[in-house]
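J.: The following file, entry01.cif, comprises mmCIF, C-alpha atoms:
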```
data_coords
loop_
_atom_site.label_atom_id
_atom_site.label_comp_id
_atom_site.auth_asym_id
_atom_site.auth_seq_id
_atom_site.Cartn_x
_atom_site.Cartn_y
_atom_site.Cartn_z
CA MET A 1 11.91 27.30 -39.63
CA LYS A 2 13.07 30.75 -40.80
CA LEU A 3 10.27 33.14 -41.60
CA PRO A 4 10.33 34.61 -45.18
CA SER A 5 11.54 38.20 -45.48
CA CYS A 6 8.94 40.85 -46.27
CA SER A 7 10.74 43.19 -48.70
CA CYS A 8 8.93 45.77 -50.79
CA SER A 9 10.04 44.05 -54.01
CA ALA A 10 8.30 40.85 -53.01
CA PHE A 11 4.97 42.62 -52.45
CA LYS A 12 5.39 45.41 -55.10
CA CYS A 13 4.57 47.94 -52.38
CA GLY A 14 4.55 51.17 -54.35
CA LYS A 15 1.86 53.79 -53.86
CA LYS A 16 -0.28 52.38 -56.64
CA ASP A 17 -0.64 48.80 -55.35
CA ARG A 18 0.62 48.71 -51.75
CA TRP A 19 0.22 45.27 -50.05
CA LEU A 20 -2.08 43.92 -52.72
CA ASN A 21 -1.60 43.74 -56.48
CA MET A 22 -4.93 42.52 -57.84
CA GLU A 23 -3.24 41.46 -61.08
CA ARG A 24 -1.07 38.90 -59.13
CA PRO A 25 -3.29 37.42 -56.37
CA ILE A 26 -1.82 33.87 -56.44
CA PRO A 27 1.75 34.75 -55.29
CA PHE A 28 0.31 36.90 -52.53
CA LEU A 29 -1.93 34.11 -51.25
CA LEU A 30 0.92 31.60 -51.38
CA ILE A 31 3.22 33.87 -49.37
CA GLY A 32 0.46 34.62 -46.86
CA LEU A 33 -0.33 30.96 -46.35
CA THR A 34 3.39 30.18 -46.01
CA THR A 35 3.75 32.85 -43.31
CA ILE A 36 0.79 31.53 -41.32
CA LEU A 37 2.03 27.94 -41.61
CA SER A 38 5.53 28.96 -40.51
CA VAL A 39 4.25 30.71 -37.40
CA PHE A 40 2.08 27.70 -36.56
CA ILE A 41 5.03 25.28 -36.89
CA LEU A 42 7.32 27.56 -34.90
CA TYR A 43 5.05 27.50 -31.85
CA THR A 44 3.90 23.90 -32.05
CA LEU A 45 7.54 22.77 -32.08
CA ASN A 46 7.76 24.23 -28.57
CA PRO A 47 4.51 23.12 -26.95
CA LEU A 48 5.84 23.54 -23.39
CA LYS A 49 5.97 27.28 -23.97
CA PHE A 50 2.31 27.41 -22.93
CA VAL A 51 2.28 24.51 -20.43
CA THR A 52 2.77 25.17 -16.73
CA GLU A 53 4.50 22.83 -14.27
CA HIS A 54 1.07 22.20 -12.76
CA ASP A 55 -0.19 21.00 -16.15
CA ILE A 56 2.77 18.63 -16.48
CA ASP A 57 2.05 17.15 -13.05
CA GLN A 58 -1.59 16.72 -14.07
CA LYS A 59 -0.59 14.83 -17.21
CA LEU A 60 1.63 12.55 -15.13
CA LEU A 61 -1.32 11.84 -12.86
CA LEU A 62 -3.94 11.33 -15.55
CA ILE A 63 -1.99 9.04 -17.87
CA LYS A 64 -2.39 5.43 -16.81
CA PRO A 65 1.08 3.96 -16.18
CA HIS A 66 2.51 1.47 -18.64
CA LYS A 67 3.56 -1.89 -17.25
CA GLU A 68 7.20 -0.86 -16.87
CA GLU A 69 6.34 2.45 -15.19
CA ASP A 70 3.87 0.72 -12.91
CA LYS A 71 6.79 -1.27 -11.48
CA CYS A 72 8.51 1.93 -10.36
CA ASP A 73 9.15 1.83 -6.62
CA LEU A 74 7.81 5.15 -5.37
CA PHE A 75 9.38 4.56 -1.97
CA ASN A 76 13.02 4.04 -2.96
CA GLY A 77 14.83 7.24 -3.86
CA ASN A 78 16.52 10.38 -2.59
CA TRP A 79 15.71 13.95 -1.71
CA VAL A 80 16.78 16.41 -4.42
CA PRO A 81 16.81 20.23 -4.36
CA ASP A 82 13.56 21.88 -5.41
CA PHE A 83 13.24 25.60 -4.88
CA LYS A 84 9.50 25.78 -5.56
CA GLY A 85 9.02 25.30 -1.83
CA SER A 86 5.81 24.28 -0.13
CA MET A 87 2.33 24.33 -1.71
CA TYR A 88 0.97 26.18 1.34
CA THR A 89 2.25 28.37 4.15
CA ASN A 90 1.36 28.85 7.78
CA SER A 91 -0.57 31.90 6.58
CA SER A 92 -2.56 30.18 3.81
CA CYS A 93 -3.52 27.17 5.98
CA ALA A 94 -5.64 28.08 8.98
CA THR A 95 -5.74 24.57 10.48
CA ILE A 96 -2.06 24.12 11.42
CA PRO A 97 -1.95 23.35 15.15
CA THR A 98 0.35 25.46 17.27
CA SER A 99 2.66 22.52 18.04
CA LYS A 100 3.43 21.99 14.30
CA ASN A 101 3.56 25.67 13.35
CA CYS A 102 7.34 25.84 13.53
CA PHE A 103 7.73 29.25 11.88
CA ARG A 104 5.22 30.85 14.21
CA ASN A 105 7.15 29.34 17.13
CA GLY A 106 10.40 30.94 16.04
CA ARG A 107 12.08 28.66 13.51
CA ARG A 108 14.03 30.85 11.09
CA ASP A 109 15.70 28.48 8.60
CA LYS A 110 13.54 27.60 5.57
CA ASP A 111 15.85 25.52 3.41
CA PHE A 112 14.26 22.33 4.74
CA LEU A 113 11.26 23.17 2.51
CA ASN A 114 13.37 23.24 -0.65
CA TRP A 115 13.61 19.50 -1.26
CA ARG A 116 11.41 16.99 -3.07
CA TRP A 117 11.33 13.21 -3.01
CA LYS A 118 12.67 11.68 -6.24
CA PRO A 119 12.06 7.93 -6.74
CA GLU A 120 14.96 6.26 -8.55
CA ARG A 121 13.10 5.19 -11.70
CA CYS A 122 10.31 7.76 -12.06
CA ASP A 123 9.08 11.16 -10.96
CA LEU A 124 6.59 11.74 -8.18
CA PRO A 125 4.10 14.50 -9.10
CA ARG A 126 3.35 17.12 -6.50
CA PHE A 127 0.06 16.82 -4.68
CA ASP A 128 -2.94 18.04 -6.63
CA ALA A 129 -6.07 18.70 -4.60
CA THR A 130 -8.37 18.57 -7.64
CA ALA A 131 -7.16 15.09 -8.64
CA TYR A 132 -7.36 13.85 -5.05
CA LEU A 133 -10.88 15.14 -4.43
CA ASP A 134 -12.06 13.65 -7.72
CA ILE A 135 -10.86 10.19 -6.61
CA VAL A 136 -12.53 10.37 -3.19
CA ARG A 137 -15.74 12.10 -4.30
CA GLY A 138 -18.66 10.62 -2.37
CA LYS A 139 -16.30 8.52 -0.19
CA THR A 140 -15.16 8.37 3.42
CA LEU A 141 -11.48 8.07 4.37
CA ALA A 142 -10.23 7.51 7.90
CA PHE A 143 -6.79 7.81 9.42
CA ILE A 144 -6.50 5.24 12.22
CA GLY A 145 -3.62 5.83 14.58
CA ASP A 146 -1.94 8.10 17.09
CA SER A 147 -0.63 11.68 17.05
CA VAL A 148 1.66 11.00 14.07
CA ALA A 149 -1.40 9.89 12.10
CA ARG A 150 -3.00 13.15 13.22
CA ASN A 151 0.09 14.98 11.93
CA HIS A 152 -0.48 13.29 8.55
CA ILE A 153 -4.12 14.33 8.39
CA GLU A 154 -3.18 17.89 9.33
CA SER A 155 -0.86 18.03 6.32
CA LEU A 156 -3.65 16.67 4.09
CA LEU A 157 -6.10 19.28 5.38
CA CYS A 158 -3.68 22.07 4.50
CA LEU A 159 -3.18 20.72 0.98
CA LEU A 160 -6.89 20.16 0.33
CA SER A 161 -7.98 23.50 1.79
CA GLN A 162 -6.18 25.27 -1.07
CA LYS A 163 -8.99 23.82 -3.25
CA GLU A 164 -11.94 23.46 -0.86
CA VAL A 165 -12.23 24.55 2.77
CA PRO A 166 -13.77 21.72 4.80
CA VAL A 167 -16.55 21.94 7.36
CA ASP A 168 -15.43 20.93 10.85
CA ALA A 169 -18.19 18.40 11.52
CA TYR A 170 -17.17 16.74 14.81
CA LEU A 171 -14.69 17.17 17.64
CA ASP A 172 -14.64 15.06 20.80
CA SER A 173 -13.86 16.42 24.25
CA GLU A 174 -10.18 15.44 24.04
CA ASP A 175 -9.65 16.67 20.44
CA ARG A 176 -8.64 13.17 19.35
CA ASN A 177 -11.51 11.93 17.22
CA ARG A 178 -12.35 14.39 14.47
CA ILE A 179 -14.53 14.55 11.35
CA TRP A 180 -14.26 17.01 8.46
CA HIS A 181 -16.61 17.20 5.50
CA PHE A 182 -15.96 18.60 2.03
CA PRO A 183 -19.51 19.36 0.83
CA VAL A 184 -18.67 20.24 -2.79
CA HIS A 185 -17.17 16.76 -3.29
CA ASN A 186 -19.27 14.98 -0.63
CA PHE A 187 -16.03 13.69 0.87
CA THR A 188 -15.72 12.85 4.57
CA LEU A 189 -12.37 12.71 6.35
CA LYS A 190 -12.06 11.12 9.79
CA MET A 191 -9.42 10.86 12.48
CA LEU A 192 -9.96 7.75 14.63
CA TRP A 193 -7.57 7.80 17.56
CA THR A 194 -5.86 4.66 18.86
CA LYS A 195 -2.56 4.09 20.63
CA PHE A 196 -2.19 0.36 20.06
CA LEU A 197 -4.90 -0.77 17.54
CA VAL A 198 -5.84 -3.43 20.09
CA HIS A 199 -7.53 -2.81 23.41
CA GLY A 200 -5.09 -1.41 25.97
CA GLU A 201 -5.38 -0.57 29.65
CA GLU A 202 -2.90 1.44 31.69
CA ARG A 203 -2.02 0.04 35.08
CA VAL A 204 -2.82 2.27 38.04
CA ILE A 205 -0.36 1.93 40.92
CA ASN A 206 -1.08 3.62 44.25
CA GLY A 207 -3.78 5.69 42.59
CA SER A 208 -1.48 7.08 39.90
CA SER A 209 -0.92 6.32 36.22
CA SER A 210 2.09 4.06 35.83
CA GLY A 211 2.90 4.27 32.11
CA ILE A 212 2.66 0.45 31.99
CA PHE A 213 0.06 -1.01 29.64
CA ASP A 214 -1.70 -4.34 29.24
CA LEU A 215 -2.60 -5.08 25.61
CA TYR A 216 -5.29 -7.63 24.73
CA LEU A 217 -4.56 -9.22 21.36
CA ASP A 218 -7.98 -10.90 21.18
CA LYS A 219 -9.81 -7.58 21.20
CA VAL A 220 -9.26 -4.61 18.88
CA ASP A 221 -9.79 -1.04 20.01
CA GLU A 222 -13.50 -0.29 19.53
CA ASN A 223 -12.78 3.41 19.03
CA TRP A 224 -11.82 2.64 15.43
CA ALA A 225 -13.46 -0.75 14.88
CA ARG A 226 -17.01 0.52 15.46
CA ASP A 227 -16.74 2.87 12.46
CA LEU A 228 -15.19 0.35 10.09
CA HIS A 229 -18.38 -0.48 8.19
CA SER A 230 -18.80 3.16 7.10
CA LEU A 231 -15.34 3.55 5.54
CA ASP A 232 -14.16 3.33 1.94
CA TYR A 233 -10.47 4.02 2.58
CA VAL A 234 -8.32 3.47 5.65
CA VAL A 235 -4.78 4.70 6.35
CA ILE A 236 -3.63 2.78 9.41
CA SER A 237 -0.51 3.38 11.51
CA VAL A 238 0.79 3.10 15.06
CA ALA A 239 4.22 2.56 16.62
CA HIS A 240 5.53 5.10 19.10
CA TRP A 241 3.32 4.05 22.02
CA PHE A 242 4.91 0.60 21.92
CA PHE A 243 8.28 1.96 23.08
CA ARG A 244 7.38 1.49 26.74
CA GLN A 245 6.66 -1.33 29.17
CA VAL A 246 3.74 -3.39 27.85
CA TYR A 247 2.35 -6.86 28.50
CA LEU A 248 0.67 -8.84 25.71
CA HIS A 249 -2.36 -10.93 26.68
CA ARG A 250 -4.03 -13.67 24.70
CA GLY A 251 -7.08 -14.96 26.49
CA SER A 252 -6.18 -15.21 30.17
CA ASN A 253 -2.47 -15.67 29.50
CA VAL A 254 0.40 -13.17 29.33
CA VAL A 255 2.23 -14.35 26.21
CA ALA A 256 5.01 -11.75 25.95
CA CYS A 257 6.14 -8.34 27.06
CA VAL A 258 8.25 -5.36 26.03
CA TYR A 259 10.82 -3.82 28.41
CA CYS A 260 9.50 -5.93 31.30
CA ASN A 261 12.69 -7.68 32.53
CA GLU A 262 10.77 -10.42 34.31
CA ALA A 263 11.95 -14.00 34.67
CA ASN A 264 8.60 -15.63 33.90
CA VAL A 265 7.66 -13.51 30.85
CA THR A 266 9.57 -13.37 27.55
CA ASP A 267 10.52 -9.94 26.32
CA ARG A 268 9.85 -10.23 22.57
CA GLY A 269 10.64 -6.61 21.69
CA VAL A 270 8.76 -3.76 20.06
CA ALA A 271 8.61 -5.24 16.54
CA PHE A 272 6.91 -8.42 17.79
CA ALA A 273 4.30 -6.50 19.80
CA LEU A 274 3.56 -4.30 16.80
CA ARG A 275 3.29 -7.32 14.53
CA MET A 276 0.66 -8.90 16.78
CA ALA A 277 -1.31 -5.63 16.94
CA PHE A 278 -1.34 -5.14 13.17
CA ARG A 279 -2.22 -8.78 12.61
CA ALA A 280 -5.24 -8.42 14.91
CA ALA A 281 -6.32 -5.21 13.16
CA PHE A 282 -6.04 -6.67 9.66
CA SER A 283 -7.96 -9.75 10.75
CA GLN A 284 -10.72 -7.49 12.04
CA ILE A 285 -10.89 -5.68 8.70
CA ASN A 286 -10.84 -8.90 6.68
CA HIS A 287 -13.65 -10.44 8.72
CA CYS A 288 -15.84 -7.33 8.89
CA ASN A 289 -19.08 -8.71 7.43
CA LYS A 290 -20.86 -5.35 7.48
CA CYS A 291 -18.03 -3.65 5.62
CA LYS A 292 -18.49 -2.71 2.01
CA SER A 293 -15.57 -2.58 -0.40
CA ILE A 294 -12.69 -1.11 1.59
CA VAL A 295 -9.09 -0.19 0.74
CA THR A 296 -6.61 -0.37 3.64
CA LEU A 297 -3.19 1.26 3.39
CA LEU A 298 -0.54 0.77 6.04
CA ARG A 299 1.63 3.85 6.53
CA THR A 300 4.99 2.51 7.64
CA PHE A 301 7.04 3.63 10.61
CA SER A 302 7.91 7.31 10.87
CA PRO A 303 11.28 7.58 12.68
CA SER A 304 12.27 10.09 15.31
CA HIS A 305 15.66 11.83 15.18
CA PHE A 306 16.75 12.53 18.74
CA GLU A 307 20.47 13.19 19.10
CA HIS A 308 22.54 13.49 22.29
CA GLY A 309 19.79 11.91 24.39
CA SER A 310 16.16 10.83 24.25
CA TRP A 311 13.04 12.97 24.57
CA ASN A 312 13.36 13.23 28.37
CA THR A 313 17.15 13.33 28.69
CA GLY A 314 18.00 16.41 26.64
CA GLY A 315 17.76 14.90 23.17
CA SER A 316 17.47 17.39 20.31
CA CYS A 317 17.10 17.59 16.52
CA ASN A 318 18.78 20.75 15.23
CA ARG A 319 19.83 19.73 11.74
CA THR A 320 18.81 21.95 8.81
CA SER A 321 19.31 19.69 5.76
CA PRO A 322 18.52 16.07 4.79
CA TYR A 323 20.72 13.03 4.97
CA ASN A 324 21.43 11.01 1.84
CA ASP A 325 20.73 7.29 1.60
CA GLN A 326 24.30 6.48 2.72
CA LYS A 327 23.32 7.55 6.23
CA ILE A 328 20.53 4.99 6.54
CA ASN A 329 21.23 2.05 8.82
CA PHE A 330 19.19 -0.80 7.39
CA GLY A 331 19.98 -2.89 10.46
CA ALA A 332 18.44 -0.44 12.90
CA ASN A 333 15.17 -0.87 14.80
CA GLU A 334 13.35 1.57 12.52
CA TRP A 335 14.00 -0.58 9.45
CA GLU A 336 13.16 -3.77 11.32
CA ILE A 337 9.77 -2.31 12.23
CA ARG A 338 9.17 -1.11 8.67
CA SER A 339 10.05 -4.54 7.23
CA MET A 340 7.71 -6.26 9.68
CA GLN A 341 4.89 -3.90 8.68
CA VAL A 342 5.40 -4.64 5.00
CA GLU A 343 5.33 -8.39 5.77
CA GLU A 344 2.05 -8.04 7.67
CA ILE A 345 0.28 -5.99 5.00
CA GLU A 346 1.36 -8.54 2.38
CA ARG A 347 0.07 -11.32 4.62
CA ALA A 348 -3.28 -9.52 4.97
CA GLU A 349 -3.48 -9.06 1.20
CA LYS A 350 -2.96 -12.79 0.60
CA ARG A 351 -5.75 -13.55 3.06
CA GLY A 352 -7.95 -10.77 1.73
CA LYS A 353 -11.68 -11.46 1.62
CA LYS A 354 -13.95 -10.31 -1.19
CA GLY A 355 -14.15 -6.52 -1.31
CA LYS A 356 -11.07 -6.05 0.90
CA SER A 357 -7.79 -4.84 -0.58
CA PHE A 358 -4.53 -3.91 1.15
CA GLY A 359 -1.53 -1.80 0.20
CA VAL A 360 1.42 0.03 1.68
CA LEU A 361 2.36 3.68 2.02
CA ASP A 362 6.05 3.16 2.71
CA VAL A 363 7.46 6.44 4.05
CA THR A 364 10.26 5.04 6.23
CA MET A 365 13.22 5.44 3.87
CA ALA A 366 12.22 8.97 2.90
CA MET A 367 11.74 10.08 6.49
CA LEU A 368 14.90 8.45 7.84
CA MET A 369 16.71 11.01 5.69
CA ARG A 370 14.87 14.04 7.16
CA PRO A 371 16.28 14.88 10.60
CA ASP A 372 15.72 18.52 9.65
CA GLY A 373 11.93 18.30 9.46
CA HIS A 374 10.90 18.07 13.13
CA PRO A 375 9.69 20.95 15.33
CA GLY A 376 12.56 20.38 17.76
CA ALA A 377 12.52 23.31 20.17
CA PHE A 378 9.95 25.15 18.03
CA TRP A 379 6.78 23.42 19.14
CA GLY A 380 5.42 26.12 21.42
CA ASN A 381 4.75 23.99 24.49
CA GLN A 382 4.66 26.22 27.56
CA TRP A 383 4.41 23.34 30.03
CA MET A 384 7.39 21.30 28.82
CA LYS A 385 10.06 23.90 28.20
CA GLY A 386 13.48 22.38 27.56
CA TYR A 387 12.02 19.31 25.84
CA ASN A 388 12.28 18.88 22.07
CA ASP A 389 9.77 17.31 19.69
CA CYS A 390 11.79 15.12 17.34
CA VAL A 391 8.88 12.75 16.62
CA HIS A 392 6.30 14.89 14.85
CA TRP A 393 6.84 17.05 11.75
CA CYS A 394 6.68 20.77 10.97
CA LEU A 395 3.86 22.06 8.78
CA PRO A 396 4.65 22.80 6.07
CA GLY A 397 7.50 20.31 5.90
CA PRO A 398 8.76 16.94 4.68
CA ILE A 399 5.61 15.19 5.92
CA ASP A 400 3.74 16.71 2.97
CA VAL A 401 5.38 14.09 0.74
CA TRP A 402 3.23 11.48 2.49
CA ASN A 403 0.26 12.94 0.66
CA ASP A 404 2.14 13.11 -2.66
CA LEU A 405 2.67 9.38 -2.17
CA LEU A 406 -0.90 8.79 -0.98
CA LEU A 407 -2.31 10.37 -4.14
CA ALA A 408 0.07 8.37 -6.36
CA VAL A 409 -0.96 5.11 -4.64
CA LEU A 410 -4.67 5.94 -4.94
CA ARG A 411 -4.17 6.63 -8.66
CA ARG A 412 -2.67 3.18 -9.10
CA LEU A 413 -5.64 1.62 -7.31
CA ASP A 414 -8.21 3.67 -9.23
#
```
Would you mind writing the file's structure down as C-alpha cells?
T.:
Amino acid sequence: MKLPSCSCSAFKCGKKDRWLNMERPIPFLLIGLTTILSVFILYTLNPLKFVTEHDIDQKLLLIKPHKEEDKCDLFNGNWVPDFKGSMYTNSSCATIPTSKNCFRNGRRDKDFLNWRWKPERCDLPRFDATAYLDIVRGKTLAFIGDSVARNHIESLLCLLSQKEVPVDAYLDSEDRNRIWHFPVHNFTLKMLWTKFLVHGEERVINGSSSGIFDLYLDKVDENWARDLHSLDYVVISVAHWFFRQVYLHRGSNVVACVYCNEANVTDRGVAFALRMAFRAAFSQINHCNKCKSIVTLLRTFSPSHFEHGSWNTGGSCNRTSPYNDQKINFGANEWEIRSMQVEEIERAEKRGKKGKSFGVLDVTMAMLMRPDGHPGAFWGNQWMKGYNDCVHWCLPGPIDVWNDLLLAVLRRLD
C-alpha cells in the first residue's frame, strides 16, 4: 500500500497553525490513523523480514506434522548445496577426537561442508540443541555399537555443546564406555561399546590374536545388556566388525560362518551373521522385564568408500564432493545389509512387548553419496602412516546429518 503524501496544503502548515489546526481536528486524526495503519500493513505483509532461518527451523520442528507430511520419507533424497556450512567448528567444539579432526590434521578443502540433505517430499530442519534437550530432559540415551557409533555420539556432543557443555562423568580404561551428563536438563548420554551385539571371543593361535572370532547367538554382549534397564532411548548399530572370519554358534553347534571356506560349515555371508546378531539383540530388549518404557532406533549401515584397494592394500578416499543418487548401486552389499536391518527392526516392532517401541534411523542412502566426508589421509595416526580412514567421518562433516535425522525422528515419536 502506498503511503499518503505529506504536503503542506494537506496539513495547512503555515506559521500560525503548523502541524495542528485546532479548528479541523477530525481530518488530522483520520490522516494520522491512516498513516499508522498503512505502516502496520506494510510490515505485516512481509513477516519474514523479522524472522531468522533459525526461527523457521524451529517452527518446522514445533508444528505437529499433518497426515500427508508425516508420510514424508526423511531418508530418501539428495544432497543440495547449502553455503551456511557447519553449525560448529573444530575450534568451537572441544571434544572432537584427533582422528576425526580433519582440518587440524591438514585437510584444506572445505566444500564438503556446504551441502545439506534434502528429502524428496519435505525439508529436514537443521539440528536444534534446545529442541533436542527439551525432548530428552530427565532421560538417558545410549548409543550401542562400535567406533562408528562413537563417531555418531561425537557429532552429537559437538552439536549439543553449543547449548550446554556436558560433564564428563565416566571413562573406562580403554576409552570405549563413556558417560556424559547435561546437568541443566538432567540428561545422561552413554556410549556402550560392542563389536557384535552378541558375545564374541577372539581365537588365540600360538599365543597371538588371530583376528578370527566365535560369536554366540544365544548370549548377548553383557557390556550393553547390563545397562538396558536404565535406558529410555537406544540407538543401536554394528556392522564393520563382521567383515572378517567369524563362526556363528547356537548352543554347542557351529551353525554358519563368514569367510571360513570350510567344507563342513556353510558360509552364509555378512548380512546373515548381522541379521542373527540384531535378532538376538532385539529379542533381549523385548524380553527385558526390568526395562521401563524404552525406544530403540536402529541406525542403518554406514558405508566405507575405499577406492583403488581396501584399508590395508592402499585404498584411499580423496573425493571432494558428493555423488548423486544415480551413483548408488542398490544391488551392492551395503544396500543388502541396510535392507536386512530394516526388515529386522520391523520384525522387532511387530513382536514388540508393552512399553517397547522400535524405529529406524536410515542413513545408508545419504551416506552412500558422501565419499568426500571421510578423514582419508587426514586422521593423524602416527603408527599407521600410509593407511587411510575411509570408514569414519570428519567432524564437522556429513555425519552431522545423522543428528538432524535423529531429532526429526524423536519429534515424530514425541
J.: Got a sec: who's within 12 Å of region 264-275 of chain A, counting only C-alpha atoms, leaving out chain neighbours fewer than 3 positions off, as a ChimeraX atom specification?
T.: /A:195-198,214-217,237-249,253-261,278-282,300-301,332-345,347-348
J.: Pull C-alpha atoms from the residues just selected and write them as a PDB file, in the frame of the given file.
T.:
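Written file, again.pdb:
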```
ATOM      1  CA  LYS A 195      -2.560   4.090  20.630  1.00  0.00           C
ATOM      2  CA  PHE A 196      -2.190   0.360  20.060  1.00  0.00           C
ATOM      3  CA  LEU A 197      -4.900  -0.770  17.540  1.00  0.00           C
ATOM      4  CA  VAL A 198      -5.840  -3.430  20.090  1.00  0.00           C
ATOM      5  CA  ASP A 214      -1.700  -4.340  29.240  1.00  0.00           C
ATOM      6  CA  LEU A 215      -2.600  -5.080  25.610  1.00  0.00           C
ATOM      7  CA  TYR A 216      -5.290  -7.630  24.730  1.00  0.00           C
ATOM      8  CA  LEU A 217      -4.560  -9.220  21.360  1.00  0.00           C
ATOM      9  CA  SER A 237      -0.510   3.380  11.510  1.00  0.00           C
ATOM     10  CA  VAL A 238       0.790   3.100  15.060  1.00  0.00           C
ATOM     11  CA  ALA A 239       4.220   2.560  16.620  1.00  0.00           C
ATOM     12  CA  HIS A 240       5.530   5.100  19.100  1.00  0.00           C
ATOM     13  CA  TRP A 241       3.320   4.050  22.020  1.00  0.00           C
ATOM     14  CA  PHE A 242       4.910   0.600  21.920  1.00  0.00           C
ATOM     15  CA  PHE A 243       8.280   1.960  23.080  1.00  0.00           C
ATOM     16  CA  ARG A 244       7.380   1.490  26.740  1.00  0.00           C
ATOM     17  CA  GLN A 245       6.660  -1.330  29.170  1.00  0.00           C
ATOM     18  CA  VAL A 246       3.740  -3.390  27.850  1.00  0.00           C
ATOM     19  CA  TYR A 247       2.350  -6.860  28.500  1.00  0.00           C
ATOM     20  CA  LEU A 248       0.670  -8.840  25.710  1.00  0.00           C
ATOM     21  CA  HIS A 249      -2.360 -10.930  26.680  1.00  0.00           C
ATOM     22  CA  ASN A 253      -2.470 -15.670  29.500  1.00  0.00           C
ATOM     23  CA  VAL A 254       0.400 -13.170  29.330  1.00  0.00           C
ATOM     24  CA  VAL A 255       2.230 -14.350  26.210  1.00  0.00           C
ATOM     25  CA  ALA A 256       5.010 -11.750  25.950  1.00  0.00           C
ATOM     26  CA  CYS A 257       6.140  -8.340  27.060  1.00  0.00           C
ATOM     27  CA  VAL A 258       8.250  -5.360  26.030  1.00  0.00           C
ATOM     28  CA  TYR A 259      10.820  -3.820  28.410  1.00  0.00           C
ATOM     29  CA  CYS A 260       9.500  -5.930  31.300  1.00  0.00           C
ATOM     30  CA  ASN A 261      12.690  -7.680  32.530  1.00  0.00           C
ATOM     31  CA  PHE A 278      -1.340  -5.140  13.170  1.00  0.00           C
ATOM     32  CA  ARG A 279      -2.220  -8.780  12.610  1.00  0.00           C
ATOM     33  CA  ALA A 280      -5.240  -8.420  14.910  1.00  0.00           C
ATOM     34  CA  ALA A 281      -6.320  -5.210  13.160  1.00  0.00           C
ATOM     35  CA  PHE A 282      -6.040  -6.670   9.660  1.00  0.00           C
ATOM     36  CA  THR A 300       4.990   2.510   7.640  1.00  0.00           C
ATOM     37  CA  PHE A 301       7.040   3.630  10.610  1.00  0.00           C
ATOM     38  CA  ALA A 332      18.440  -0.440  12.900  1.00  0.00           C
ATOM     39  CA  ASN A 333      15.170  -0.870  14.800  1.00  0.00           C
ATOM     40  CA  GLU A 334      13.350   1.570  12.520  1.00  0.00           C
ATOM     41  CA  TRP A 335      14.000  -0.580   9.450  1.00  0.00           C
ATOM     42  CA  GLU A 336      13.160  -3.770  11.320  1.00  0.00           C
ATOM     43  CA  ILE A 337       9.770  -2.310  12.230  1.00  0.00           C
ATOM     44  CA  ARG A 338       9.170  -1.110   8.670  1.00  0.00           C
ATOM     45  CA  SER A 339      10.050  -4.540   7.230  1.00  0.00           C
ATOM     46  CA  MET A 340       7.710  -6.260   9.680  1.00  0.00           C
ATOM     47  CA  GLN A 341       4.890  -3.900   8.680  1.00  0.00           C
ATOM     48  CA  VAL A 342       5.400  -4.640   5.000  1.00  0.00           C
ATOM     49  CA  GLU A 343       5.330  -8.390   5.770  1.00  0.00           C
ATOM     50  CA  GLU A 344       2.050  -8.040   7.670  1.00  0.00           C
ATOM     51  CA  ILE A 345       0.280  -5.990   5.000  1.00  0.00           C
ATOM     52  CA  ARG A 347       0.070 -11.320   4.620  1.00  0.00           C
ATOM     53  CA  ALA A 348      -3.280  -9.520   4.970  1.00  0.00           C
TER      54      ALA A 348
END
```
J.: Let me make sure I understand: among A:Val167, A:Val409, A:Leu228, A:Ile399, which one has the smallest atom-to-atom distance to Asn151 (chain A) if we use all atoms listed in the file?
T.: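 Among A:Val167, A:Val409, A:Leu228, A:Ile399, it is A:Ile399 that comes nearest to Asn151 (chain A).
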J.: Let me make sure I understand: among A:Ile179, A:Leu133, A:Leu189, A:Val204, which one has the smallest atom-to-atom distance to Glu164 (chain A) if we use all atoms listed in the file?
T.: A:Leu133
J.: Can you list, as an MDAnalysis selection string, every protein, DNA or RNA residue that comes within 7 Å of region 137-149 of chain A when you count all atoms listed in the file, leaving out same-chain residues fewer than 3 positions away?
T.: chainID A and resid 133:134 152:153 185:195 224 231:238 392
J.: Any chance you could export the current selection's C-alpha atoms as a PDB file, keeping the file's coordinate frame?
T.:
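And here's result16.pdb as it stands now:
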```pdb
ATOM      1  CA  LEU A 133     -10.880  15.140  -4.430  1.00  0.00           C
ATOM      2  CA  ASP A 134     -12.060  13.650  -7.720  1.00  0.00           C
ATOM      3  CA  HIS A 152      -0.480  13.290   8.550  1.00  0.00           C
ATOM      4  CA  ILE A 153      -4.120  14.330   8.390  1.00  0.00           C
ATOM      5  CA  HIS A 185     -17.170  16.760  -3.290  1.00  0.00           C
ATOM      6  CA  ASN A 186     -19.270  14.980  -0.630  1.00  0.00           C
ATOM      7  CA  PHE A 187     -16.030  13.690   0.870  1.00  0.00           C
ATOM      8  CA  THR A 188     -15.720  12.850   4.570  1.00  0.00           C
ATOM      9  CA  LEU A 189     -12.370  12.710   6.350  1.00  0.00           C
ATOM     10  CA  LYS A 190     -12.060  11.120   9.790  1.00  0.00           C
ATOM     11  CA  MET A 191      -9.420  10.860  12.480  1.00  0.00           C
ATOM     12  CA  LEU A 192      -9.960   7.750  14.630  1.00  0.00           C
ATOM     13  CA  TRP A 193      -7.570   7.800  17.560  1.00  0.00           C
ATOM     14  CA  THR A 194      -5.860   4.660  18.860  1.00  0.00           C
ATOM     15  CA  LYS A 195      -2.560   4.090  20.630  1.00  0.00           C
ATOM     16  CA  TRP A 224     -11.820   2.640  15.430  1.00  0.00           C
ATOM     17  CA  LEU A 231     -15.340   3.550   5.540  1.00  0.00           C
ATOM     18  CA  ASP A 232     -14.160   3.330   1.940  1.00  0.00           C
ATOM     19  CA  TYR A 233     -10.470   4.020   2.580  1.00  0.00           C
ATOM     20  CA  VAL A 234      -8.320   3.470   5.650  1.00  0.00           C
ATOM     21  CA  VAL A 235      -4.780   4.700   6.350  1.00  0.00           C
ATOM     22  CA  ILE A 236      -3.630   2.780   9.410  1.00  0.00           C
ATOM     23  CA  SER A 237      -0.510   3.380  11.510  1.00  0.00           C
ATOM     24  CA  VAL A 238       0.790   3.100  15.060  1.00  0.00           C
ATOM     25  CA  HIS A 392       6.300  14.890  14.850  1.00  0.00           C
TER      26      HIS A 392
END
```
J.: Can you pull out every residue within 7 Å of region 120-130 of chain A, counting all atoms listed in the file, but drop anything in the same chain fewer than 3 positions away, and send it as a count of residues only?
T.: 13
